[in-house]
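Below is final.cif, holding mmCIF, C-alpha atoms and all ligand atoms.
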```
data_run
loop_
_atom_site.label_atom_id
_atom_site.label_comp_id
_atom_site.auth_asym_id
_atom_site.auth_seq_id
_atom_site.Cartn_x
_atom_site.Cartn_y
_atom_site.Cartn_z
CA MET N 183 134.96 105.67 89.11
CA SER N 184 132.16 105.18 86.68
CA ALA N 185 131.72 108.38 84.75
CA ASN N 186 128.25 107.91 83.33
CA ALA N 187 125.42 105.65 84.42
CA TYR N 188 123.69 106.16 81.09
CA SER N 189 124.43 106.81 77.44
CA ILE N 190 122.20 109.50 75.96
CA TRP N 191 121.49 110.18 72.29
CA VAL N 192 119.21 112.58 70.44
CA ALA N 193 117.90 110.86 67.32
CA GLU N 194 116.30 112.86 64.50
CA TYR N 195 113.37 111.07 62.84
CA ALA N 196 112.06 113.81 60.52
CA TYR N 197 112.37 117.56 59.98
CA VAL N 198 110.72 120.70 58.71
CA THR N 199 112.94 122.60 56.28
CA ASN N 200 111.35 126.04 56.53
CA TYR N 201 109.73 126.59 59.91
CA PRO N 202 108.83 130.17 60.91
CA ILE N 203 111.21 131.61 63.52
CA GLY N 204 108.10 133.12 65.11
CA GLY N 205 107.02 129.57 65.92
CA VAL N 206 110.11 128.86 67.98
CA LEU N 207 110.58 132.27 69.56
CA SER N 208 107.62 134.16 71.00
CA GLY N 209 107.03 137.50 69.27
CA ALA N 210 109.70 137.02 66.58
CA HIS N 211 107.42 138.14 63.76
CA ASN N 212 108.68 138.29 60.16
CA GLU N 213 112.11 137.01 61.09
CA GLY N 214 112.27 134.31 58.47
CA VAL N 215 112.50 130.55 58.73
CA CYS N 216 114.81 127.87 60.10
CA LYS N 217 115.26 124.12 59.84
CA LEU N 218 113.36 122.38 62.63
CA PRO N 219 114.48 118.82 63.34
CA TYR N 220 112.00 116.40 64.94
CA CYS N 221 113.75 114.12 67.43
CA TYR N 222 113.42 111.82 70.39
CA VAL N 223 115.92 110.96 73.10
CA VAL N 224 117.31 107.53 73.90
CA ILE N 225 118.78 106.76 77.34
CA LYS N 226 120.56 103.42 77.79
CA GLY N 227 122.29 101.92 80.79
CA GLY N 228 121.85 99.83 83.92
CA GLY N 229 120.11 97.14 81.87
CA ARG N 230 117.45 99.57 80.66
CA THR N 231 116.58 101.25 77.38
CA MET N 232 114.48 104.35 77.86
CA MET N 233 113.19 107.13 75.67
CA VAL N 234 111.97 110.65 76.13
CA ASP N 235 109.01 110.93 73.71
CA VAL N 236 108.29 108.66 70.77
CA GLY N 237 107.71 110.92 67.76
CA TYR N 238 104.65 110.26 65.62
CA ASN N 239 103.44 107.81 63.03
CA HIS N 240 103.14 109.43 59.60
CA SER N 241 99.83 107.76 58.77
CA ALA N 242 96.13 108.48 59.38
CA TYR N 243 95.68 111.83 61.18
CA GLY N 244 99.37 111.77 62.23
CA GLY N 245 100.18 112.08 58.53
CA VAL N 246 97.65 114.92 58.13
CA LEU N 247 99.25 116.85 61.01
CA GLY N 248 102.76 116.09 59.74
CA ASP N 249 101.84 117.45 56.29
CA ARG N 250 100.14 120.48 57.83
CA PHE N 251 103.34 121.37 59.72
CA GLY N 252 105.48 120.71 56.65
CA VAL N 253 107.26 117.68 58.07
CA GLU N 254 109.50 115.86 55.60
CA HIS N 255 111.69 112.81 55.52
CA TRP N 256 109.84 110.89 58.26
CA HIS N 257 111.28 107.53 59.24
CA SER N 258 110.01 104.85 61.61
CA PRO N 259 111.54 104.19 65.05
CA LYS N 260 112.73 100.80 63.76
CA GLN N 261 114.80 102.54 61.06
CA VAL N 262 115.97 105.41 63.28
CA LEU N 263 116.93 103.32 66.32
CA GLU N 264 118.80 100.84 64.15
CA GLU N 265 121.50 103.53 63.88
CA LEU N 266 121.97 103.12 67.64
CA GLY N 267 121.86 99.32 67.51
CA ILE N 268 118.50 99.32 69.32
CA THR N 269 115.12 97.85 68.41
CA PRO N 270 111.80 99.41 69.47
CA GLU N 271 110.96 96.13 71.26
CA GLU N 272 113.92 96.69 73.60
CA VAL N 273 112.59 100.00 74.89
CA ASP N 274 111.20 99.36 78.38
CA THR N 275 110.42 102.88 79.61
CA VAL N 276 109.18 106.04 77.90
CA PHE N 277 108.80 109.46 79.48
CA ILE N 278 106.23 111.51 77.55
CA THR N 279 106.99 115.21 77.97
CA HIS N 280 103.65 116.29 76.50
CA SER N 281 100.85 115.20 74.21
CA HIS N 282 101.60 117.04 70.97
CA PHE N 283 101.50 114.61 68.06
CA ASP N 284 105.24 114.73 67.38
CA HIS N 285 106.01 113.60 70.95
CA LEU N 286 103.20 111.18 71.88
CA GLY N 287 102.07 109.97 68.47
CA ASN N 288 103.86 106.65 68.12
CA THR N 289 103.25 104.70 71.32
CA ASP N 290 102.15 101.71 69.23
CA ALA N 291 105.72 101.30 67.96
CA PHE N 292 106.96 100.37 71.45
CA PRO N 293 105.05 97.23 72.47
CA ASN N 294 107.05 96.47 75.61
CA ALA N 295 107.38 99.94 77.11
CA THR N 296 105.81 101.43 80.22
CA PHE N 297 104.89 105.08 79.64
CA TYR N 298 105.04 107.96 82.13
CA ILE N 299 102.94 111.08 81.65
CA GLN N 300 101.61 113.80 83.90
CA GLU N 301 98.00 113.23 84.97
CA ARG N 302 97.09 116.83 84.10
CA GLU N 303 98.57 116.47 80.63
CA LEU N 304 96.19 113.64 79.88
CA SER N 305 93.06 114.86 81.66
CA LYS N 306 93.21 118.42 80.27
CA TRP N 307 93.60 117.17 76.70
CA ILE N 308 90.45 115.11 77.22
CA TRP N 309 88.83 118.33 78.45
CA ALA N 310 90.11 120.22 75.37
CA MET N 311 88.81 117.49 73.04
CA ALA N 312 85.37 117.87 74.63
CA GLN N 313 85.09 121.61 73.95
CA PRO N 314 82.78 122.80 71.15
CA GLU N 315 84.02 123.03 67.60
CA HIS N 316 84.65 126.79 67.66
CA MET N 317 87.22 126.26 70.44
CA GLN N 318 89.17 123.52 68.69
CA TRP N 319 92.19 125.77 68.09
CA MET N 320 93.46 124.12 71.26
CA MET N 321 93.84 120.87 69.31
CA THR N 322 96.22 122.47 66.78
CA GLY N 323 99.11 120.12 67.42
CA THR N 324 97.32 117.21 69.07
CA ASP N 325 95.88 114.04 67.55
CA PRO N 326 92.82 112.87 69.54
CA SER N 327 93.71 109.29 68.61
CA ASP N 328 97.04 109.68 70.47
CA ILE N 329 95.14 110.61 73.63
CA LEU N 330 92.83 107.61 73.23
CA ARG N 331 95.83 105.31 72.68
CA ALA N 332 97.40 106.65 75.88
CA VAL N 333 94.21 105.93 77.81
CA GLU N 334 94.09 102.47 76.24
CA LEU N 335 97.57 101.79 77.65
CA THR N 336 96.09 101.96 81.15
CA LYS N 337 94.08 98.80 80.37
CA GLN N 338 97.34 97.01 79.64
CA GLY N 339 98.92 98.34 82.84
CA ARG N 340 101.48 100.24 80.76
CA LEU N 341 100.68 103.86 81.64
CA ARG N 342 101.86 105.60 84.80
CA CYS N 343 99.96 108.84 85.35
CA ILE N 344 101.96 110.90 87.80
CA ASP N 345 100.86 114.03 89.59
CA GLY N 346 103.66 116.54 89.97
CA PRO N 347 107.39 115.98 90.32
CA GLN N 348 108.85 112.58 91.16
CA GLU N 349 112.41 111.88 92.24
CA ASP N 350 114.27 108.70 91.32
CA VAL N 351 111.49 107.28 89.19
CA LEU N 352 114.37 105.11 88.05
CA PRO N 353 117.90 105.35 89.47
CA GLY N 354 119.26 108.85 88.84
CA ILE N 355 116.20 110.00 86.91
CA ASP N 356 113.86 112.69 88.21
CA LEU N 357 110.66 113.87 86.54
CA HIS N 358 109.69 117.53 86.84
CA VAL N 359 106.65 119.40 85.63
CA ALA N 360 105.85 122.84 84.26
CA PHE N 361 102.09 123.19 84.58
CA ASP N 362 100.21 125.39 82.09
CA SER N 363 103.25 126.30 80.05
CA HIS N 364 103.77 124.95 76.50
CA THR N 365 100.94 122.54 77.36
CA TYR N 366 98.89 121.73 80.49
CA GLY N 367 101.32 119.37 82.19
CA CYS N 368 104.67 119.57 80.40
CA MET N 369 107.20 117.22 81.93
CA TRP N 370 110.96 117.57 81.80
CA VAL N 371 113.45 114.87 82.64
CA HIS N 372 116.56 115.33 84.77
CA VAL N 373 119.13 112.57 84.35
CA ARG N 374 121.67 112.65 87.19
CA ASN N 375 124.28 110.64 85.38
CA ASP N 376 126.58 110.28 88.40
CA LEU N 377 123.52 109.05 90.38
CA ALA N 378 124.34 111.69 93.02
CA ARG N 379 121.53 113.69 94.61
CA GLN N 380 123.54 116.92 94.16
CA SER N 381 124.63 115.94 90.69
CA GLN N 382 127.72 117.34 89.03
CA ASN N 383 126.86 115.45 85.86
CA GLY N 384 123.23 116.18 85.08
CA TRP N 385 121.31 116.49 81.82
CA VAL N 386 117.94 118.13 81.34
CA LEU N 387 115.75 116.80 78.53
CA ALA N 388 113.53 119.78 77.97
CA GLY N 389 110.77 118.48 75.71
CA ASP N 390 109.27 121.57 74.06
CA LEU N 391 109.77 123.89 77.04
CA VAL N 392 112.65 125.21 74.99
CA TYR N 393 112.88 124.60 71.23
CA VAL N 394 116.26 126.15 70.44
CA TYR N 395 119.21 127.81 72.17
CA ASP N 396 117.68 131.21 71.40
CA ASN N 397 115.06 130.41 74.07
CA LEU N 398 117.92 130.44 76.62
CA VAL N 399 120.63 132.75 75.26
CA ALA N 400 120.58 136.02 73.31
CA ASN N 401 122.07 135.56 69.81
CA PRO N 402 123.78 132.27 70.68
CA GLN N 403 127.11 131.63 68.99
CA VAL N 404 127.38 127.89 68.61
CA SER N 405 130.61 126.20 67.51
CA ASP N 406 133.19 123.65 68.58
CA GLY N 407 131.07 122.21 71.35
CA GLN N 408 130.34 125.58 72.96
CA ILE N 409 127.32 127.85 73.20
CA GLU N 410 128.41 131.44 73.78
CA GLY N 411 126.15 134.33 74.64
CA LYS N 412 124.38 136.11 77.44
CA LEU N 413 121.72 134.17 79.33
CA SER N 414 118.35 135.63 78.27
CA LEU N 415 115.20 133.56 78.56
CA LYS N 416 112.52 133.84 75.86
CA PRO N 417 109.35 131.73 75.60
CA VAL N 418 108.81 129.31 72.73
CA GLY N 419 106.32 130.53 70.13
CA PHE N 420 103.49 128.26 71.21
CA ALA N 421 101.93 128.23 74.67
CA MET N 422 98.64 126.70 75.83
CA GLY N 423 99.41 128.23 79.22
CA SER N 424 101.47 131.24 80.12
CA ASN N 425 104.75 132.71 78.98
CA THR N 426 105.53 133.42 82.61
CA ASN N 427 105.36 129.69 83.35
CA LEU N 428 107.65 129.02 80.37
CA ILE N 429 110.24 131.45 81.69
CA THR N 430 110.16 130.07 85.24
CA ALA N 431 110.37 126.51 83.87
CA SER N 432 113.42 127.46 81.83
CA ASP N 433 115.04 128.90 84.93
CA ASP N 434 114.19 125.71 86.90
CA MET N 435 115.79 123.56 84.21
CA LEU N 436 118.94 125.68 84.09
CA LYS N 437 119.15 125.70 87.88
CA ALA N 438 119.12 121.89 87.89
CA VAL N 439 122.38 121.89 85.89
CA ASP N 440 124.07 124.87 87.59
CA TYR N 441 123.19 127.15 84.66
CA GLN N 442 125.31 125.17 82.17
CA VAL N 443 123.32 125.86 79.00
CA LYS N 444 124.98 122.93 77.24
CA ARG N 445 123.32 120.53 79.69
CA VAL N 446 119.79 121.63 78.78
CA ILE N 447 118.80 119.77 75.61
CA PRO N 448 116.32 121.40 73.20
CA ILE N 449 115.39 118.58 70.81
CA HIS N 450 114.18 120.87 68.01
CA GLU N 451 117.63 122.54 67.88
CA GLU N 452 119.54 121.88 64.64
CA ARG N 453 122.79 123.18 66.18
CA LEU N 454 123.01 120.22 68.56
CA LYS N 455 125.21 118.92 65.74
CA ASP N 456 127.75 121.66 66.51
CA VAL N 457 127.68 121.08 70.26
CA PHE N 458 127.78 117.28 70.51
CA PRO N 459 129.52 114.57 68.46
CA SER N 460 127.06 113.86 65.66
CA ARG N 461 126.66 111.84 62.51
CA ILE N 462 124.28 111.97 59.58
CA SER N 463 122.96 108.45 59.09
CA LYS N 464 122.42 106.68 55.77
CA LEU N 465 118.79 107.79 56.12
CA GLY N 466 119.93 111.44 56.01
CA LEU N 467 118.99 111.99 59.65
CA ARG N 468 121.21 113.21 62.50
CA VAL N 469 122.28 111.27 65.55
CA SER N 470 123.85 113.32 68.37
CA GLU N 471 125.67 111.69 71.25
CA LEU N 472 125.49 113.56 74.57
CA CYS N 473 127.44 111.05 76.63
CA LEU N 474 128.42 107.38 76.80
CA ALA N 475 128.15 104.91 79.65
CA ASP N 476 131.08 102.63 80.40
CA GLU N 477 131.67 99.98 77.76
CA GLN N 478 129.08 101.52 75.42
CA ALA N 479 130.47 101.94 71.92
CA SER N 480 129.99 105.30 70.27
CA ALA N 481 127.13 105.51 67.77
CA VAL N 482 128.60 108.47 65.91
CA LEU N 483 132.27 107.63 65.34
ZN ZN N 501 104.92 120.61 71.67
#
```

Render the structure in this file as structure tokens.
Amino acid sequence: MSANAYSIWVAEYAYVTNYPIGGVLSGAHNEGVCKLPYCYVVIKGGGRTMMVDVGYNHSAYGGVLGDRFGVEHWHSPKQVLEELGITPEEVDTVFITHSHFDHLGNTDAFPNATFYIQERELSKWIWAMAQPEHMQWMMTGTDPSDILRAVELTKQGRLRCIDGPQEDVLPGIDLHVAFDSHTYGCMWVHVRNDLARQSQNGWVLAGDLVYVYDNLVANPQVSDGQIEGKLSLKPVGFAMGSNTNLITASDDMLKAVDYQVKRVIPIHEERLKDVFPSRISKLGLRVSELCLADEQASAVL
């Protein structure tokens, strides 16, 4: 029996050394700082190479935003994916969880990919961009050029704007949505790696609906591949929509994997390295390996 349809990796492409805890955990004022890795997810199998989000390009306004958020050690997808033996040209499908610059900001690096995004995520950012200057707080983490590039992809037939959840967008892959939560149309990706409808081997790629394990568990103790602690949902520190929607989205994501916290993947979580086999690459960036498909060599051993 084939164990996994897909291999899944979380690849770090940059990081912030001292990010305020209050930014990752709503209401955690004056609780110090933490390292915040910036990552994307690679899913490979069944003749496909897919990604969840594409990071950003540290140039033009992407570089301005990166500097503003204190991002260091940025590397290109070509350099980062090389550690997985993958080229950006090979990537055929990208699921964009949301439009913040560090998730949507490098579509140009993937010339052969078809992109999936929620319709509301795109249309409401256009709305936000069109608000008067005194309301531009809404654009805090968004590069207008990224939105324009996404629209431009429609002309090339490479953008799929979907409205709401969609099952089996590709075999074993479901797209879900948390409207008006972290952003207007935040998507999360459920990979049913046994391809079963009632999956016993699912992974949830959470985008920014959760940043770290503390958004799911009170005082998480993370070591030796385990996350210990009492389930206790807390919103991330940045919401365009409501904290209520963040909490219900977190519960939906956990429900999809029978409340196995380990199967919900927060990509800004540094402790992924303690939960999954990981390696620091020659670039000084982490690669974490969630699972391997048959005949796929490990990228971390
Ligand atoms: Zn975000």

Nearby polymer residues, ligand ZN 501 (chain N), at most 9 Å, all atoms listed in the file, as a list of chain:residue names: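 Every residue with an atom at most 9 Å from ligand ZN 501 (chain N) is listed here: N:Thr279, N:His280, N:Ser281, N:His282, N:Phe283, N:Asp284, N:His285, N:Gly323, N:Thr324, N:His364, N:Thr365, N:Cys368, N:Gly389, N:Asp390, N:Leu391, N:Tyr393, N:Phe420, N:Ala421.
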
Please provide as a PDB file with C-alpha atoms, keeping the file's coordinate frame all residues within 12 Å of segment 397-403 of chain N, with the sequence filter that same-chain residues fewer than 3 positions apart are discarded (counting all atoms listed in the file).
```pdb
ATOM      1  CA  ILE N 203     111.210 131.610  63.520  1.00  0.00           C
ATOM      2  CA  GLY N 204     108.100 133.120  65.110  1.00  0.00           C
ATOM      3  CA  GLY N 205     107.020 129.570  65.920  1.00  0.00           C
ATOM      4  CA  VAL N 206     110.110 128.860  67.980  1.00  0.00           C
ATOM      5  CA  LEU N 207     110.580 132.270  69.560  1.00  0.00           C
ATOM      6  CA  SER N 208     107.620 134.160  71.000  1.00  0.00           C
ATOM      7  CA  GLY N 209     107.030 137.500  69.270  1.00  0.00           C
ATOM      8  CA  ALA N 210     109.700 137.020  66.580  1.00  0.00           C
ATOM      9  CA  ALA N 388     113.530 119.780  77.970  1.00  0.00           C
ATOM     10  CA  ASP N 390     109.270 121.570  74.060  1.00  0.00           C
ATOM     11  CA  LEU N 391     109.770 123.890  77.040  1.00  0.00           C
ATOM     12  CA  VAL N 392     112.650 125.210  74.990  1.00  0.00           C
ATOM     13  CA  TYR N 393     112.880 124.600  71.230  1.00  0.00           C
ATOM     14  CA  VAL N 394     116.260 126.150  70.440  1.00  0.00           C
ATOM     15  CA  ASP N 406     133.190 123.650  68.580  1.00  0.00           C
ATOM     16  CA  GLY N 407     131.070 122.210  71.350  1.00  0.00           C
ATOM     17  CA  GLN N 408     130.340 125.580  72.960  1.00  0.00           C
ATOM     18  CA  ILE N 409     127.320 127.850  73.200  1.00  0.00           C
ATOM     19  CA  GLU N 410     128.410 131.440  73.780  1.00  0.00           C
ATOM     20  CA  GLY N 411     126.150 134.330  74.640  1.00  0.00           C
ATOM     21  CA  LYS N 412     124.380 136.110  77.440  1.00  0.00           C
ATOM     22  CA  LEU N 413     121.720 134.170  79.330  1.00  0.00           C
ATOM     23  CA  SER N 414     118.350 135.630  78.270  1.00  0.00           C
ATOM     24  CA  LEU N 415     115.200 133.560  78.560  1.00  0.00           C
ATOM     25  CA  LYS N 416     112.520 133.840  75.860  1.00  0.00           C
ATOM     26  CA  PRO N 417     109.350 131.730  75.600  1.00  0.00           C
ATOM     27  CA  VAL N 418     108.810 129.310  72.730  1.00  0.00           C
ATOM     28  CA  GLY N 419     106.320 130.530  70.130  1.00  0.00           C
ATOM     29  CA  ASN N 425     104.750 132.710  78.980  1.00  0.00           C
ATOM     30  CA  LEU N 428     107.650 129.020  80.370  1.00  0.00           C
ATOM     31  CA  ILE N 429     110.240 131.450  81.690  1.00  0.00           C
ATOM     32  CA  THR N 430     110.160 130.070  85.240  1.00  0.00           C
ATOM     33  CA  ALA N 431     110.370 126.510  83.870  1.00  0.00           C
ATOM     34  CA  SER N 432     113.420 127.460  81.830  1.00  0.00           C
ATOM     35  CA  ASP N 433     115.040 128.900  84.930  1.00  0.00           C
ATOM     36  CA  ASP N 434     114.190 125.710  86.900  1.00  0.00           C
ATOM     37  CA  MET N 435     115.790 123.560  84.210  1.00  0.00           C
ATOM     38  CA  LEU N 436     118.940 125.680  84.090  1.00  0.00           C
ATOM     39  CA  TYR N 441     123.190 127.150  84.660  1.00  0.00           C
ATOM     40  CA  GLN N 442     125.310 125.170  82.170  1.00  0.00           C
ATOM     41  CA  VAL N 443     123.320 125.860  79.000  1.00  0.00           C
ATOM     42  CA  LYS N 444     124.980 122.930  77.240  1.00  0.00           C
ATOM     43  CA  ARG N 445     123.320 120.530  79.690  1.00  0.00           C
ATOM     44  CA  VAL N 446     119.790 121.630  78.780  1.00  0.00           C
ATOM     45  CA  ILE N 447     118.800 119.770  75.610  1.00  0.00           C
ATOM     46  CA  PRO N 448     116.320 121.400  73.200  1.00  0.00           C
ATOM     47  CA  HIS N 450     114.180 120.870  68.010  1.00  0.00           C
ATOM     48  CA  GLU N 451     117.630 122.540  67.880  1.00  0.00           C
ATOM     49  CA  ARG N 453     122.790 123.180  66.180  1.00  0.00           C
ATOM     50  CA  ASP N 456     127.750 121.660  66.510  1.00  0.00           C
ATOM     51  CA  VAL N 457     127.680 121.080  70.260  1.00  0.00           C
TER      52      VAL N 457
END
```

Excluding segment 237-248 of chain N and residues on its chain fewer than 2 positions from it, collect all residues at most 12 Å away from it, counting only C-alpha atoms, and give them as number ranges by chain. N: 192-198, 219-224, 233-235, 250-260, 262, 276-292, 321-328, 389, 449-450

Name the closest residue to Pro353 of chain N among the candidates N:Ile329, N:Leu472, N:Ala187, N:Leu454; distances are taken between atoms, counting all atoms listed in the file. N:Ala187

For the point (120.1, 113.5, 99.3) in file coordinates, what residues are within 12 Å, counting all atoms listed in the file? Give the answer as number ranges by chain? N: 349-350, 354, 377-381

Which of these, N:Gly267, N:Gly227, N:Pro202, N:Pro347, has the shortest distance to Ile190 of chain N once you count only C-alpha atoms? N:Gly227

Nearest-residue call for Leu474 of chain N, choices N:Glu315, N:Cys343, N:His211, N:Lys226, using all atoms listed in the file: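 Closest residue, counting all atoms listed in the file: N:Lys226.
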
Within 12 Å of (115.5, 96.2, 70.2), in the coordinates the file gives, what residues turn up when you count all atoms listed in the file, written out as a list in words?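 Answer for this query, in the requested form: Lys226, Arg230, Thr231, Met232, Pro259, Lys260, Gln261, Val262, Leu263, Glu264, Glu265, Leu266, Gly267, Ile268, Thr269, Pro270, Glu271, Glu272, Val273, Asp274, Ala291, Phe292, Pro293, Asn294 and Ala295 of chain N.
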
N:Gln318, N:Leu304, N:Leu357, N:Phe458 ranked by distance to Arg331 of chain N, top pick (using all atoms listed in the file): N:Leu304
